[in-house]
Amino acid sequence: MQHRIIVLGAGYTGATAAGRLARRLRREDVTITLVNAEPDFVERVRMHQLAVGQVLRPRPLSEMFADTGVELRLAKVTGVDVDRRTVAVLDANGAGELEYDSLVYALGSGWNDQGVPGTAEHAHEIAGRSGALRLRERLARLDAGQPVVVVGGGLTGVEFATEIAEARPDLDVALVARGGLGDWLSPKGSGHLRKVVDGLGVTVHEHAVVTAVEADRIVLVDGTSIPAAVTVWATGFAVHPIARATTLEVTDTGQIVADGTMRSVSHPDVYAIGDAAMVTGPGDKPLRMSCASGVPTAWQAADAIAARLTGGKLPNVSPRYFNQCISLGRREGLIQYVTADDRAVRAALTGRLAAVYKELVCKGAAWGVANPLLGMPTRRRRVVREPVRAGSAVSTSA
């Protein structure tokens, strides 16, 4: 009987894991089903480009996984029963249920309104393609001089504010940051960021806490109002809620607690990757939600599943960071080099060269997903044993 592997979500992590499993395991021994609600792979790191009207190359999942041994199931995941080992889905034919032997949970994350009143009603979210498209339509209707406020001074907020300011110099763009602008960067990095932001005419409100979002403004904790014809909310992400509704061990944020091989500490036939997983990296620090964290966890999980099924050696590679890649519009960029645990060092690459570097990183990540059987030697091995079943003692050795 074939071992049934189901991968939930076809973002960077889920698609990467499915492709890597197809390279590692024999088609005669396993079935690999990739479940995703959308027919196309979405380059989430380019949502700021989509929002300002740039045309992104379509990447149909059916073409990407053709002849790979991965079966694509276009459906929305509505629930997971980790005790019965089933996944509830909803597709064009109605509700259904899929059974699995091993589950790779890669449903990722969405926007996080932080519970701020009025955010859900009046702010635009940019965590996915649908939100970016709605924002694009709204921005296209704005007249010159109207104010756009981006809330969130992290990587996502900075990229959106600079992209909008460059694409629409006729708009009055403001960035609201809880801390100082680029305060996590090196002096060289933060200095370059400030220079670019100033050059694009972005007004920065630092050390500002938003307490309410209204239809035409945001309100700060000190009572200050900032006009906003459009408010873009970029204060971080929240994980998909399905895991919290299961008997999986999860954190307060709803992330699945996983061991070093990305296997659930409570249900050994479930693997969590990307934003959905709570796993520590160097310095015992939790990995941040990002593509830089997610793809290595996908590699780790796929290799661990293959090793456990084929009797191979378990992977023992701790995820680490090398740099933070930040686009500042199409002509400027910032590559902040970091320690293994993601702390900025003095070195940083700036300017046009950094923009080219970031573009190459984005293209490389998309290429890796779009070519699941290329990029590394294919070593398909025969399944020789079943992994540990739910309810059995969790072991990371076999």
# chains A, B, ... in the order shown; residues from 1 in each chain; ligands from 1
call {"tool": "select_by_dssp", "arguments": {"residues": "region 228-366 of chain A", "states": "alpha helix (DSSP H)", "output": "PyMOL selection string"}}
result
chain A and resi 291-310+351-366
call {"tool": "write_last_selection", "arguments": {"atoms": "N, CA and C atoms", "output": "compact mmCIF listing (two decimals), in the first residue's frame"}}
result
# COMPACT_ATOMS: atom_id res chain seq x y z
N CYS A 291 10.05 34.22 4.29
CA CYS A 291 10.46 33.23 3.30
C CYS A 291 11.83 32.67 3.66
N ALA A 292 12.69 33.53 4.22
CA ALA A 292 14.04 33.09 4.60
C ALA A 292 14.00 31.99 5.64
N SER A 293 12.99 32.02 6.51
CA SER A 293 12.84 30.96 7.51
C SER A 293 12.09 29.77 6.94
N GLY A 294 11.07 30.05 6.14
CA GLY A 294 10.16 29.01 5.69
C GLY A 294 10.76 27.97 4.78
N VAL A 295 11.51 28.39 3.77
CA VAL A 295 12.06 27.43 2.81
C VAL A 295 13.00 26.43 3.48
N PRO A 296 13.93 26.85 4.35
CA PRO A 296 14.75 25.84 5.03
C PRO A 296 13.95 24.86 5.88
N THR A 297 12.85 25.32 6.47
CA THR A 297 12.03 24.38 7.25
C THR A 297 11.35 23.38 6.33
N ALA A 298 11.01 23.80 5.10
CA ALA A 298 10.42 22.88 4.13
C ALA A 298 11.44 21.80 3.73
N TRP A 299 12.67 22.22 3.50
CA TRP A 299 13.73 21.24 3.19
C TRP A 299 13.88 20.25 4.34
N GLN A 300 13.90 20.79 5.56
CA GLN A 300 14.13 19.95 6.74
C GLN A 300 13.01 18.92 6.89
N ALA A 301 11.77 19.36 6.74
CA ALA A 301 10.64 18.45 6.91
C ALA A 301 10.62 17.38 5.82
N ALA A 302 10.81 17.79 4.57
CA ALA A 302 10.78 16.82 3.47
C ALA A 302 11.88 15.77 3.63
N ASP A 303 13.07 16.22 3.99
CA ASP A 303 14.18 15.28 4.16
C ASP A 303 13.95 14.36 5.36
N ALA A 304 13.31 14.89 6.41
CA ALA A 304 13.04 14.07 7.59
C ALA A 304 11.99 13.01 7.28
N ILE A 305 10.95 13.38 6.56
CA ILE A 305 9.92 12.40 6.19
C ILE A 305 10.53 11.31 5.33
N ALA A 306 11.31 11.73 4.32
CA ALA A 306 11.95 10.75 3.44
C ALA A 306 12.89 9.83 4.22
N ALA A 307 13.64 10.39 5.15
CA ALA A 307 14.58 9.59 5.93
C ALA A 307 13.85 8.57 6.80
N ARG A 308 12.78 8.99 7.42
CA ARG A 308 12.04 8.08 8.29
C ARG A 308 11.36 6.96 7.50
N LEU A 309 10.93 7.29 6.28
CA LEU A 309 10.27 6.26 5.47
C LEU A 309 11.26 5.30 4.83
N THR A 310 12.44 5.76 4.51
CA THR A 310 13.40 4.94 3.78
C THR A 310 14.52 4.39 4.64
N GLY A 351 21.79 50.67 -2.43
CA GLY A 351 21.68 51.26 -3.76
C GLY A 351 21.17 50.32 -4.83
N ARG A 352 21.54 50.64 -6.08
CA ARG A 352 21.06 49.89 -7.23
C ARG A 352 21.52 48.43 -7.18
N LEU A 353 22.75 48.20 -6.75
CA LEU A 353 23.25 46.84 -6.66
C LEU A 353 22.43 46.01 -5.69
N ALA A 354 22.02 46.62 -4.59
CA ALA A 354 21.19 45.91 -3.62
C ALA A 354 19.82 45.59 -4.21
N ALA A 355 19.29 46.49 -5.04
CA ALA A 355 18.00 46.24 -5.69
C ALA A 355 18.10 45.06 -6.64
N VAL A 356 19.22 44.98 -7.37
CA VAL A 356 19.44 43.85 -8.28
C VAL A 356 19.58 42.55 -7.49
N TYR A 357 20.30 42.61 -6.39
CA TYR A 357 20.49 41.45 -5.50
C TYR A 357 19.14 40.93 -5.01
N LYS A 358 18.30 41.84 -4.52
CA LYS A 358 16.98 41.44 -4.03
C LYS A 358 16.15 40.81 -5.14
N GLU A 359 16.22 41.38 -6.34
CA GLU A 359 15.45 40.84 -7.45
C GLU A 359 15.93 39.43 -7.80
N LEU A 360 17.22 39.20 -7.76
CA LEU A 360 17.75 37.87 -8.04
C LEU A 360 17.30 36.87 -6.99
N VAL A 361 17.25 37.30 -5.72
CA VAL A 361 16.78 36.43 -4.64
C VAL A 361 15.31 36.04 -4.89
N CYS A 362 14.49 37.02 -5.25
CA CYS A 362 13.07 36.74 -5.51
C CYS A 362 12.90 35.80 -6.69
N LYS A 363 13.66 36.06 -7.75
CA LYS A 363 13.56 35.19 -8.93
C LYS A 363 14.06 33.78 -8.61
N GLY A 364 15.12 33.70 -7.82
CA GLY A 364 15.65 32.40 -7.46
C GLY A 364 14.67 31.59 -6.63
N ALA A 365 13.99 32.26 -5.70
CA ALA A 365 13.01 31.56 -4.86
C ALA A 365 11.85 31.05 -5.71
N ALA A 366 11.37 31.88 -6.64
CA ALA A 366 10.27 31.48 -7.51
C ALA A 366 10.70 30.36 -8.44
call {"tool": "residues_around", "arguments": {"residues": "Arg129 (chain A)", "least_positions_apart": "3", "cutoff": "9 Å", "atoms": "only C-alpha atoms", "output": "compact mmCIF listing (two decimals) with N, CA and C atoms, in the first residue's frame"}}
result
# COMPACT_ATOMS: atom_id res chain seq x y z
N VAL A 42 1.56 32.01 -5.69
CA VAL A 42 1.59 33.44 -5.41
C VAL A 42 2.95 33.82 -4.83
N GLU A 43 3.64 34.74 -5.48
CA GLU A 43 4.90 35.25 -4.97
C GLU A 43 4.60 36.31 -3.90
N ARG A 44 4.46 35.85 -2.71
CA ARG A 44 4.04 36.74 -1.63
C ARG A 44 5.01 37.91 -1.42
N MET A 47 3.96 41.26 -3.28
CA MET A 47 2.63 41.83 -3.18
C MET A 47 2.65 43.36 -3.24
N LEU A 50 2.52 44.15 -6.90
CA LEU A 50 1.18 43.94 -7.45
C LEU A 50 0.24 45.07 -7.05
N ALA A 51 0.36 45.54 -5.83
CA ALA A 51 -0.55 46.57 -5.32
C ALA A 51 -0.42 47.90 -6.05
N ILE A 126 -2.41 43.27 3.08
CA ILE A 126 -1.52 43.01 1.95
C ILE A 126 -0.80 41.67 2.12
N ALA A 132 -3.92 42.49 -2.07
CA ALA A 132 -3.09 43.37 -2.89
C ALA A 132 -3.88 43.89 -4.10
N LEU A 133 -4.72 43.03 -4.68
CA LEU A 133 -5.52 43.46 -5.82
C LEU A 133 -6.57 44.50 -5.42
N ARG A 134 -7.18 44.31 -4.25
CA ARG A 134 -8.14 45.31 -3.77
C ARG A 134 -7.45 46.65 -3.53
call {"tool": "closest_residue", "arguments": {"among": "A:Ala140, A:Val221, A:Leu185, A:Leu21", "to": "Val345 (chain A)", "atoms": "only C-alpha atoms"}}
result
A:Leu185
call {"tool": "select_by_dssp", "arguments": {"residues": "region 19-76 of chain A", "states": "strand (DSSP E or B)", "output": "ChimeraX atom specification"}}
result
/A:25,30-36,40,60,70-74,76
call {"tool": "closest_atom_pairs", "arguments": {"of": "region 227-287 of chain A", "to": "region 78-101 of chain A", "cutoff": "12 Å", "atoms": "only C-alpha atoms", "output": "CSV"}}
result
residue,atom,partner,partner_atom,distance
A:His240,CA,A:Thr78,CA,10.9
A:Pro241,CA,A:Gly79,CA,9.6
A:Ile242,CA,A:Gly79,CA,6.1
A:Ala243,CA,A:Val80,CA,7.6
A:Arg244,CA,A:Val80,CA,10.1
A:Ala245,CA,A:Gly79,CA,8.1
A:Thr246,CA,A:Asp81,CA,6.5
A:Thr247,CA,A:Val82,CA,6.9
A:Leu248,CA,A:Val82,CA,7.2
A:Glu249,CA,A:Val82,CA,10.9
A:Ser264,CA,A:Val82,CA,10.8
A:Ser266,CA,A:Val82,CA,10.0
A:His267,CA,A:Val82,CA,7.4
A:Pro268,CA,A:Val82,CA,10.0
A:Asp269,CA,A:Asp101,CA,6.7
A:Val270,CA,A:Val82,CA,7.8
A:Tyr271,CA,A:Val82,CA,11.2
call {"tool": "closest_residue", "arguments": {"among": "A:Met64, A:Val70, A:Val317, A:Val176", "to": "Gly152 (chain A)", "atoms": "only C-alpha atoms"}}
result
A:Val176
call {"tool": "residues_around", "arguments": {"residues": "Ser225 (chain A)", "least_positions_apart": "4", "cutoff": "10 Å", "atoms": "only C-alpha atoms", "output": "PyMOL selection string"}}
result
chain A and resi 210+212-214+216-221
call {"tool": "write_last_selection", "arguments": {"atoms": "N, CA and C atoms", "output": "PDB file, in the first residue's frame"}}
result
ATOM      1  N   VAL A 210      -0.749  53.306  16.956  1.00  0.00           N
ATOM      2  CA  VAL A 210      -2.082  53.538  16.410  1.00  0.00           C
ATOM      3  C   VAL A 210      -3.122  52.896  17.324  1.00  0.00           C
ATOM      4  N   ALA A 212      -6.654  53.588  16.684  1.00  0.00           N
ATOM      5  CA  ALA A 212      -7.913  53.461  15.945  1.00  0.00           C
ATOM      6  C   ALA A 212      -7.679  53.783  14.476  1.00  0.00           C
ATOM      7  N   VAL A 213      -8.446  53.097  13.631  1.00  0.00           N
ATOM      8  CA  VAL A 213      -8.438  53.375  12.194  1.00  0.00           C
ATOM      9  C   VAL A 213      -9.847  53.775  11.796  1.00  0.00           C
ATOM     10  N   GLU A 214      -9.969  54.929  11.170  1.00  0.00           N
ATOM     11  CA  GLU A 214     -11.270  55.399  10.709  1.00  0.00           C
ATOM     12  C   GLU A 214     -11.254  55.498   9.192  1.00  0.00           C
ATOM     13  N   ASP A 216     -11.246  57.914   7.168  1.00  0.00           N
ATOM     14  CA  ASP A 216     -10.432  58.952   6.520  1.00  0.00           C
ATOM     15  C   ASP A 216      -9.220  59.365   7.347  1.00  0.00           C
ATOM     16  N   ARG A 217      -8.868  58.566   8.365  1.00  0.00           N
ATOM     17  CA  ARG A 217      -7.727  58.934   9.198  1.00  0.00           C
ATOM     18  C   ARG A 217      -7.363  57.784  10.113  1.00  0.00           C
ATOM     19  N   ILE A 218      -6.179  57.892  10.719  1.00  0.00           N
ATOM     20  CA  ILE A 218      -5.811  57.010  11.822  1.00  0.00           C
ATOM     21  C   ILE A 218      -5.599  57.880  13.045  1.00  0.00           C
ATOM     22  N   VAL A 219      -5.747  57.286  14.220  1.00  0.00           N
ATOM     23  CA  VAL A 219      -5.602  58.016  15.468  1.00  0.00           C
ATOM     24  C   VAL A 219      -4.485  57.384  16.287  1.00  0.00           C
ATOM     25  N   LEU A 220      -3.574  58.227  16.790  1.00  0.00           N
ATOM     26  CA  LEU A 220      -2.459  57.742  17.593  1.00  0.00           C
ATOM     27  C   LEU A 220      -2.804  57.786  19.077  1.00  0.00           C
ATOM     28  N   VAL A 221      -1.992  57.121  19.874  1.00  0.00           N
ATOM     29  CA  VAL A 221      -2.265  57.003  21.293  1.00  0.00           C
ATOM     30  C   VAL A 221      -2.296  58.357  21.984  1.00  0.00           C
TER      31      VAL A 221
END
call {"tool": "closest_residue", "arguments": {"among": "A:Gln2, A:Ser62, A:Ser130, A:Thr162", "to": "Ser102 (chain A)", "atoms": "only C-alpha atoms"}}
result
A:Gln2
call {"tool": "closest_residue", "arguments": {"among": "A:Val55, A:Ile273, A:Leu171, A:Val265", "to": "Pro319 (chain A)", "atoms": "only C-alpha atoms"}}
result
A:Ile273
call {"tool": "atom_distance", "arguments": {"atom1": "CA of Asp275 (chain A)", "atom2": "CA of Met289 (chain A)"}}
result
5.0 Å
call {"tool": "atom_distance", "arguments": {"atom1": "CA of Lys76 (chain A)", "atom2": "CA of Glu159 (chain A)"}}
result
29.5 Å
call {"tool": "closest_residue", "arguments": {"among": "A:Gly333, A:Ser109, A:Lys285, A:Leu373", "to": "Thr253 (chain A)", "atoms": "only C-alpha atoms"}}
result
A:Ser109
call {"tool": "residues_around", "arguments": {"residues": "Thr203 (chain A)", "least_positions_apart": "2", "cutoff": "9 Å", "atoms": "only C-alpha atoms", "output": "ChimeraX atom specification"}}
result
/A:172-176,197-198,201,205
call {"tool": "write_last_selection", "arguments": {"atoms": "C-alpha atoms", "output": "PDB file, in the first residue's frame"}}
result
ATOM      1  CA  ASP A 172       1.130  62.039  -0.026  1.00  0.00           C
ATOM      2  CA  VAL A 173       2.625  58.876   1.496  1.00  0.00           C
ATOM      3  CA  ALA A 174       3.265  58.478   5.231  1.00  0.00           C
ATOM      4  CA  LEU A 175       4.818  55.627   7.211  1.00  0.00           C
ATOM      5  CA  VAL A 176       3.871  55.055  10.857  1.00  0.00           C
ATOM      6  CA  VAL A 197      12.603  57.393   2.322  1.00  0.00           C
ATOM      7  CA  ASP A 198      13.365  61.104   2.514  1.00  0.00           C
ATOM      8  CA  GLY A 201       9.053  62.243   0.021  1.00  0.00           C
ATOM      9  CA  HIS A 205       5.977  59.131  12.139  1.00  0.00           C
TER      10      HIS A 205
END
call {"tool": "atom_distance", "arguments": {"atom1": "CA of Pro187 (chain A)", "atom2": "CA of Phe237 (chain A)"}}
result
26.8 Å
call {"tool": "closest_residue", "arguments": {"among": "A:Val369, A:Val250, A:Leu193, A:Val149", "to": "Ala229 (chain A)", "atoms": "only C-alpha atoms"}}
result
A:Val149
